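As provided, my_file-v8.cif (mmCIF, C-alpha atoms) reads as follows.
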data_target
loop_
_atom_site.group_PDB
_atom_site.id
_atom_site.type_symbol
_atom_site.label_atom_id
_atom_site.label_comp_id
_atom_site.auth_asym_id
_atom_site.auth_seq_id
_atom_site.Cartn_x
_atom_site.Cartn_y
_atom_site.Cartn_z
ATOM 1 C CA MET A 29 27.689 -62.298 25.246
ATOM 2 C CA LYS A 30 27.400 -64.904 22.543
ATOM 3 C CA ILE A 31 30.540 -66.742 21.462
ATOM 4 C CA THR A 32 30.453 -69.554 18.951
ATOM 5 C CA CYS A 33 33.110 -72.158 18.255
ATOM 6 C CA MET A 34 32.845 -74.045 14.976
ATOM 7 C CA GLU A 35 34.833 -77.211 14.484
ATOM 8 C CA SER A 36 35.428 -78.757 11.108
ATOM 9 C CA ASP A 37 38.053 -80.908 9.449
ATOM 10 C CA TYR A 38 39.663 -77.788 8.013
ATOM 11 C CA ALA A 39 39.691 -75.198 10.750
ATOM 12 C CA HIS A 40 38.693 -74.254 14.240
ATOM 13 C CA ILE A 41 37.063 -70.871 14.045
ATOM 14 C CA GLY A 42 35.108 -68.928 16.589
ATOM 15 C CA TYR A 43 32.875 -65.919 16.254
ATOM 16 C CA VAL A 44 32.445 -63.321 18.980
ATOM 17 C CA TYR A 45 29.203 -61.365 18.810
ATOM 18 C CA LEU A 46 30.079 -58.076 20.488
ATOM 19 C CA GLN A 47 26.508 -56.992 19.909
ATOM 20 C CA PRO A 48 23.402 -59.147 20.193
ATOM 21 C CA PRO A 49 23.118 -61.202 17.000
ATOM 22 C CA SER A 50 20.190 -60.303 14.812
ATOM 23 C CA GLY A 51 20.367 -63.221 12.403
ATOM 24 C CA ASN A 52 21.574 -66.759 12.133
ATOM 25 C CA ILE A 53 24.420 -66.100 9.702
ATOM 26 C CA PRO A 54 25.650 -62.677 10.679
ATOM 27 C CA HIS A 55 29.212 -62.602 9.578
ATOM 28 C CA GLN A 56 31.566 -62.854 6.714
ATOM 29 C CA THR A 57 33.689 -65.947 6.449
ATOM 30 C CA ASN A 58 36.798 -64.693 4.807
ATOM 31 C CA SER A 59 40.208 -65.643 6.001
ATOM 32 C CA LYS A 60 42.190 -62.437 5.750
ATOM 33 C CA LEU A 61 45.217 -64.098 7.240
ATOM 34 C CA ASN A 62 45.173 -67.120 5.005
ATOM 35 C CA GLN A 63 45.288 -64.904 1.933
ATOM 36 C CA SER A 64 48.744 -63.821 3.012
ATOM 37 C CA ILE A 65 50.122 -67.211 3.825
ATOM 38 C CA ASP A 66 52.947 -68.526 1.736
ATOM 39 C CA ASN A 67 51.490 -71.750 0.360
ATOM 40 C CA SER A 68 54.916 -73.283 -0.005
ATOM 41 C CA GLN A 69 55.121 -73.332 3.765
ATOM 42 C CA ILE A 70 52.061 -75.554 4.079
ATOM 43 C CA MET B 14 49.112 -50.356 28.546
ATOM 44 C CA SER B 15 49.502 -47.662 25.928
ATOM 45 C CA MET B 16 46.856 -46.186 23.651
ATOM 46 C CA LEU B 17 47.185 -46.512 19.882
ATOM 47 C CA PRO B 18 46.884 -43.210 17.977
ATOM 48 C CA TYR B 19 44.459 -44.611 15.404
ATOM 49 C CA SER B 20 41.142 -46.434 15.455
ATOM 50 C CA PHE B 21 40.902 -50.177 15.040
ATOM 51 C CA ARG B 22 39.070 -49.800 11.739
ATOM 52 C CA SER B 23 41.670 -47.446 10.254
ATOM 53 C CA GLY B 24 44.454 -49.750 11.414
ATOM 54 C CA TYR B 25 42.589 -52.696 9.911
ATOM 55 C CA GLU B 26 41.802 -51.013 6.603
ATOM 56 C CA GLN B 27 45.203 -49.345 6.244
ATOM 57 C CA GLU B 28 46.842 -52.641 7.129
ATOM 58 C CA LYS B 29 48.893 -51.292 10.002
ATOM 59 C CA PHE B 30 48.409 -54.785 11.408
ATOM 60 C CA GLU B 31 46.839 -58.042 10.357
ATOM 61 C CA THR B 32 44.000 -59.905 11.971
ATOM 62 C CA GLU B 33 43.442 -63.626 12.147
ATOM 63 C CA TYR B 34 40.177 -63.569 10.236
ATOM 64 C CA GLY B 35 37.397 -61.146 9.388
ATOM 65 C CA VAL B 36 36.168 -58.276 11.525
ATOM 66 C CA ASP B 37 32.681 -56.802 11.128
ATOM 67 C CA PHE B 38 32.092 -53.079 11.643
ATOM 68 C CA ASP B 39 29.042 -50.866 11.654
ATOM 69 C CA HIS B 40 28.947 -47.581 9.733
ATOM 70 C CA SER B 41 30.548 -45.668 12.644
ATOM 71 C CA GLY B 42 33.507 -47.988 13.082
ATOM 72 C CA TYR B 43 32.121 -49.863 16.053
ATOM 73 C CA ILE B 44 32.879 -53.560 15.892
ATOM 74 C CA THR B 45 29.811 -55.773 15.850
ATOM 75 C CA GLY B 46 31.698 -59.073 15.859
ATOM 76 C CA TYR B 47 34.839 -60.825 14.746
ATOM 77 C CA GLU B 48 36.195 -64.228 13.844
ATOM 78 C CA ILE B 49 39.011 -65.859 15.766
ATOM 79 C CA GLY B 50 41.021 -69.032 15.675
ATOM 80 C CA LEU B 51 39.479 -71.087 18.458
ATOM 81 C CA SER B 52 39.595 -74.811 19.016
ATOM 82 C CA PRO B 53 36.921 -76.616 21.049
ATOM 83 C CA THR B 54 39.587 -77.481 23.629
ATOM 84 C CA GLN B 55 40.584 -73.819 24.044
ATOM 85 C CA PHE B 56 36.946 -72.771 24.117
ATOM 86 C CA ILE B 57 35.961 -75.218 26.851
ATOM 87 C CA LYS B 58 39.054 -74.348 28.850
ATOM 88 C CA LEU B 59 38.196 -70.628 28.762
ATOM 89 C CA ILE B 60 34.628 -71.372 29.837
ATOM 90 C CA LYS B 61 35.641 -73.701 32.663
ATOM 91 C CA SER B 62 38.181 -71.219 33.993
ATOM 92 C CA GLN B 63 35.552 -68.465 33.807
ATOM 93 C CA SER B 64 37.909 -66.354 31.746
ATOM 94 C CA TYR B 65 34.999 -64.733 29.929
ATOM 95 C CA ARG B 66 34.046 -62.191 32.535
ATOM 96 C CA LEU B 67 32.833 -58.650 32.945
ATOM 97 C CA TYR B 68 34.251 -55.849 35.077
ATOM 98 C CA GLU B 69 32.976 -52.392 35.844
ATOM 99 C CA SER B 70 35.448 -49.569 36.273
ATOM 100 C CA VAL B 71 35.695 -45.799 36.282
ATOM 101 C CA TRP B 72 38.054 -44.346 33.701
ATOM 102 C CA LYS B 73 38.258 -40.751 32.525
ATOM 103 C CA ASN B 74 35.486 -39.890 34.994
ATOM 104 C CA GLN B 75 33.166 -42.265 33.188
ATOM 105 C CA THR B 76 31.851 -45.716 34.037
ATOM 106 C CA TYR B 77 33.110 -48.369 31.648
ATOM 107 C CA HIS B 78 32.442 -52.072 31.364
ATOM 108 C CA ILE B 79 35.325 -54.329 30.453
ATOM 109 C CA PHE B 80 34.641 -57.742 28.942
ATOM 110 C CA LEU B 81 37.522 -60.225 28.875
ATOM 111 C CA PHE B 82 38.019 -62.712 26.050
ATOM 112 C CA ASP B 83 41.028 -64.476 27.540
ATOM 113 C CA ASP B 84 42.695 -65.184 30.861
ATOM 114 C CA TYR B 85 43.019 -62.131 33.101
ATOM 115 C CA ASP B 86 46.818 -61.978 32.796
ATOM 116 C CA SER B 87 46.677 -62.200 29.010
ATOM 117 C CA VAL B 88 44.174 -59.358 28.813
ATOM 118 C CA PHE B 89 45.782 -57.020 31.315
ATOM 119 C CA SER B 90 49.359 -57.539 30.152
ATOM 120 C CA GLU B 91 51.287 -54.273 30.131
ATOM 121 C CA ASN B 92 52.475 -55.104 26.612
ATOM 122 C CA ASN B 93 48.936 -54.991 25.265
ATOM 123 C CA ARG B 94 47.505 -51.874 23.634
ATOM 124 C CA ILE B 95 44.235 -50.040 23.902
ATOM 125 C CA CYS B 96 42.735 -49.144 20.555
ATOM 126 C CA PRO B 97 39.766 -46.789 20.163
ATOM 127 C CA MET B 98 36.959 -47.889 17.892
ATOM 128 C CA ASN B 99 36.500 -44.359 16.568
ATOM 129 C CA GLN B 100 36.907 -40.706 17.591
ATOM 130 C CA LYS B 101 34.404 -41.013 20.426
ATOM 131 C CA ASP B 102 35.527 -41.870 23.921
ATOM 132 C CA ASP B 103 32.994 -44.622 24.487
ATOM 133 C CA ALA B 104 34.390 -47.899 23.126
ATOM 134 C CA TYR B 105 37.838 -49.423 22.899
ATOM 135 C CA LEU B 106 39.500 -52.761 22.299
ATOM 136 C CA MET B 107 42.357 -54.250 24.238
ATOM 137 C CA ILE B 108 44.659 -55.899 21.751
ATOM 138 C CA GLN B 109 47.753 -58.035 21.865
ATOM 139 C CA TYR B 110 50.250 -57.968 19.022
ATOM 140 C CA VAL B 111 51.731 -61.333 18.148
ATOM 141 C CA GLU B 112 54.228 -62.436 15.558
ATOM 142 C CA PRO B 113 52.642 -64.344 12.645
ATOM 143 C CA ALA B 114 54.878 -67.325 13.367
ATOM 144 C CA ALA B 115 53.272 -67.638 16.795
ATOM 145 C CA LEU B 116 50.042 -68.538 14.997
ATOM 146 C CA GLY B 117 51.750 -70.796 12.498
ATOM 147 C CA ALA B 118 51.538 -68.269 9.668
ATOM 148 C CA THR B 119 54.202 -67.058 7.293
ATOM 149 C CA PHE B 120 53.747 -63.948 5.190
ATOM 150 C CA TYR B 121 54.998 -63.886 1.647
ATOM 151 C CA PRO B 122 56.780 -61.704 0.894
ATOM 152 C CA SER B 123 58.071 -61.328 4.403
ATOM 153 C CA GLU B 124 56.583 -58.343 6.222
ATOM 154 C CA GLU B 125 57.106 -56.950 9.653
ATOM 155 C CA LYS B 126 53.410 -56.566 10.321
ATOM 156 C CA LYS B 127 52.089 -58.218 13.418
ATOM 157 C CA ILE B 128 48.739 -59.800 14.073
ATOM 158 C CA ALA B 129 46.351 -58.012 16.412
ATOM 159 C CA LEU B 130 44.406 -60.330 18.717
ATOM 160 C CA ILE B 131 41.376 -58.837 20.451
ATOM 161 C CA LYS B 132 41.619 -59.574 24.166
ATOM 162 C CA GLY B 133 39.040 -57.270 25.680
ATOM 163 C CA LEU B 134 36.201 -54.853 25.052
ATOM 164 C CA ILE B 135 35.966 -51.575 26.955
ATOM 165 C CA SER B 136 32.607 -49.889 26.589
ATOM 166 C CA ALA B 137 30.748 -46.929 28.000
ATOM 167 C CA ASN B 138 28.080 -47.233 25.340
ATOM 168 C CA PRO B 139 25.283 -49.470 26.645
ATOM 169 C CA GLU B 140 23.150 -48.798 23.590
ATOM 170 C CA LEU B 141 25.653 -50.541 21.327
ATOM 171 C CA TYR B 142 27.024 -52.974 23.872
ATOM 172 C CA PRO B 143 24.140 -53.581 26.290
ATOM 173 C CA LEU B 144 25.119 -54.503 29.824
ATOM 174 C CA ARG B 145 22.356 -57.095 29.988
ATOM 175 C CA TYR B 146 23.785 -58.782 26.879
ATOM 176 C CA LEU B 147 27.370 -58.694 28.185
ATOM 177 C CA MET B 148 26.283 -60.225 31.485
ATOM 178 C CA HIS B 149 24.535 -63.237 29.997
ATOM 179 C CA PRO B 150 26.885 -65.793 28.458
ATOM 180 C CA ASP B 151 25.681 -67.757 25.463
ATOM 181 C CA PHE B 152 28.324 -70.254 24.416
ATOM 182 C CA GLU B 153 27.770 -72.411 21.363
ATOM 183 C CA LEU B 154 29.922 -75.275 20.112
ATOM 184 C CA ILE B 155 29.150 -76.504 16.608
ATOM 185 C CA GLU B 156 30.885 -79.674 15.510
ATOM 186 C CA ASP B 157 31.488 -81.090 12.052
ATOM 187 C CA ILE B 158 30.274 -78.208 9.920
#
Let's see the structure in the file written out as structure tokens.
Amino acid sequence: MKITCMESDYAHIGYVYLQPPSGNIPHQTNSKLNQSIDNSQI
Amino acid sequence: MSMLPYSFRSGYEQEKFETEYGVDFDHSGYITGYEIGLSPTQFIKLIKSQSYRLYESVWKNQTYHIFLFDDYDSVFSENNRICPMNQKDDAYLMIQYVEPAALGATFYPSEEKKIALIKGLISANPELYPLRYLMHPDFELIEDI
């Protein structure tokens, strides 16, 4: 099972490959949650 | 642990719950991978404690493999739910509902939807979720992207 953790100045995001990865950049990088965040709270 | 009456994809697309980040599906509704909030500290802690582990069990007269993505007690909490991936009886997710505030998020306008965290994979489909793949950990930490 491949699990990746990516650290940057902006976020700590991981990706869990439930199936064997077939490419180097296999996934979308959209933040569904962040779209719903009230910016005034940040 | 109760079973949800809908698949994870329908719940995701019909917004019965939120997820932290994106979830990738194949054409049949099986999940191929998903993004999570995960700090290097959390990641290393889970690896050191050997929380990522695989179990084999018999359920519904079928052999299933259960892969844990968190501490045992967090995965097998009786408050968690089991969510089928589709109509077939061969793959499920174990999910934990959490309040948005628990993850530091605030919805606007305020909604009562919770966030579904994936805590475990239950599979009786070795073609999609190969046992050999589940048994071999491959942990990658990428810094300063």
> the PyMOL selection byres ((chain B) within 10 of (chain A)) on the file shown: which residues, as a ChimeraX atom specification?
Replying inline: /B:31-37,43-57,65-67,80,82,113,117-123,128,134,140-158
Writer output for current selection, C-alpha atoms, as a short mmCIF file (atom, residue, chain, number, x, y, z; two decimals), in the frame of the given file:
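Result written to part.cif:
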data_model
loop_
_atom_site.label_atom_id
_atom_site.label_comp_id
_atom_site.auth_asym_id
_atom_site.auth_seq_id
_atom_site.Cartn_x
_atom_site.Cartn_y
_atom_site.Cartn_z
CA GLU B 31 46.84 -58.04 10.36
CA THR B 32 44.00 -59.90 11.97
CA GLU B 33 43.44 -63.63 12.15
CA TYR B 34 40.18 -63.57 10.24
CA GLY B 35 37.40 -61.15 9.39
CA VAL B 36 36.17 -58.28 11.52
CA ASP B 37 32.68 -56.80 11.13
CA TYR B 43 32.12 -49.86 16.05
CA ILE B 44 32.88 -53.56 15.89
CA THR B 45 29.81 -55.77 15.85
CA GLY B 46 31.70 -59.07 15.86
CA TYR B 47 34.84 -60.82 14.75
CA GLU B 48 36.20 -64.23 13.84
CA ILE B 49 39.01 -65.86 15.77
CA GLY B 50 41.02 -69.03 15.68
CA LEU B 51 39.48 -71.09 18.46
CA SER B 52 39.60 -74.81 19.02
CA PRO B 53 36.92 -76.62 21.05
CA THR B 54 39.59 -77.48 23.63
CA GLN B 55 40.58 -73.82 24.04
CA PHE B 56 36.95 -72.77 24.12
CA ILE B 57 35.96 -75.22 26.85
CA TYR B 65 35.00 -64.73 29.93
CA ARG B 66 34.05 -62.19 32.53
CA LEU B 67 32.83 -58.65 32.94
CA PHE B 80 34.64 -57.74 28.94
CA PHE B 82 38.02 -62.71 26.05
CA PRO B 113 52.64 -64.34 12.64
CA GLY B 117 51.75 -70.80 12.50
CA ALA B 118 51.54 -68.27 9.67
CA THR B 119 54.20 -67.06 7.29
CA PHE B 120 53.75 -63.95 5.19
CA TYR B 121 55.00 -63.89 1.65
CA PRO B 122 56.78 -61.70 0.89
CA SER B 123 58.07 -61.33 4.40
CA ILE B 128 48.74 -59.80 14.07
CA LEU B 134 36.20 -54.85 25.05
CA GLU B 140 23.15 -48.80 23.59
CA LEU B 141 25.65 -50.54 21.33
CA TYR B 142 27.02 -52.97 23.87
CA PRO B 143 24.14 -53.58 26.29
CA LEU B 144 25.12 -54.50 29.82
CA ARG B 145 22.36 -57.10 29.99
CA TYR B 146 23.78 -58.78 26.88
CA LEU B 147 27.37 -58.69 28.18
CA MET B 148 26.28 -60.22 31.48
CA HIS B 149 24.54 -63.24 30.00
CA PRO B 150 26.88 -65.79 28.46
CA ASP B 151 25.68 -67.76 25.46
CA PHE B 152 28.32 -70.25 24.42
CA GLU B 153 27.77 -72.41 21.36
CA LEU B 154 29.92 -75.28 20.11
CA ILE B 155 29.15 -76.50 16.61
CA GLU B 156 30.88 -79.67 15.51
CA ASP B 157 31.49 -81.09 12.05
CA ILE B 158 30.27 -78.21 9.92
#
> Taking the file as shown, what set of residues would the PyMOL selection byres ((chain B and resi 72) around 12) give back, as a PyMOL selection string?
Replying inline: chain B and resi 69-71+73-79+102-105+135-137
>> For the PyMOL selection byres ((chain B and resi 90) around 12), applied here, can you spell out every residue it catches as a PyMOL selection string?
In response: chain B and resi 14-15+83-89+91-95+107-110+132-133
> At what distance in Å, to one decimal, does atom CA of Tyr25 of chain B lie from atom CA of Glu112 of chain B?
Replying inline: 16.2 Å
>> Just the number, please: distance in Å from atom CA of Ile60 of chain B to atom CA of Asn138 of chain B, one decimal.
In response: 25.4 Å
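Between atom CA of Asp39 of chain B and atom CA of Leu130 of chain B lies a distance of 19.4 Å.
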Enclosing box along x, y and z for every listed atom of segment 48-62 of chain B, padded 8 Å each side, centre and size in Å, one decimal, as JSON:
{"center_x": 37.8, "center_y": -70.9, "center_z": 23.9, "size_x": 22.4, "size_y": 29.3, "size_z": 36.1}
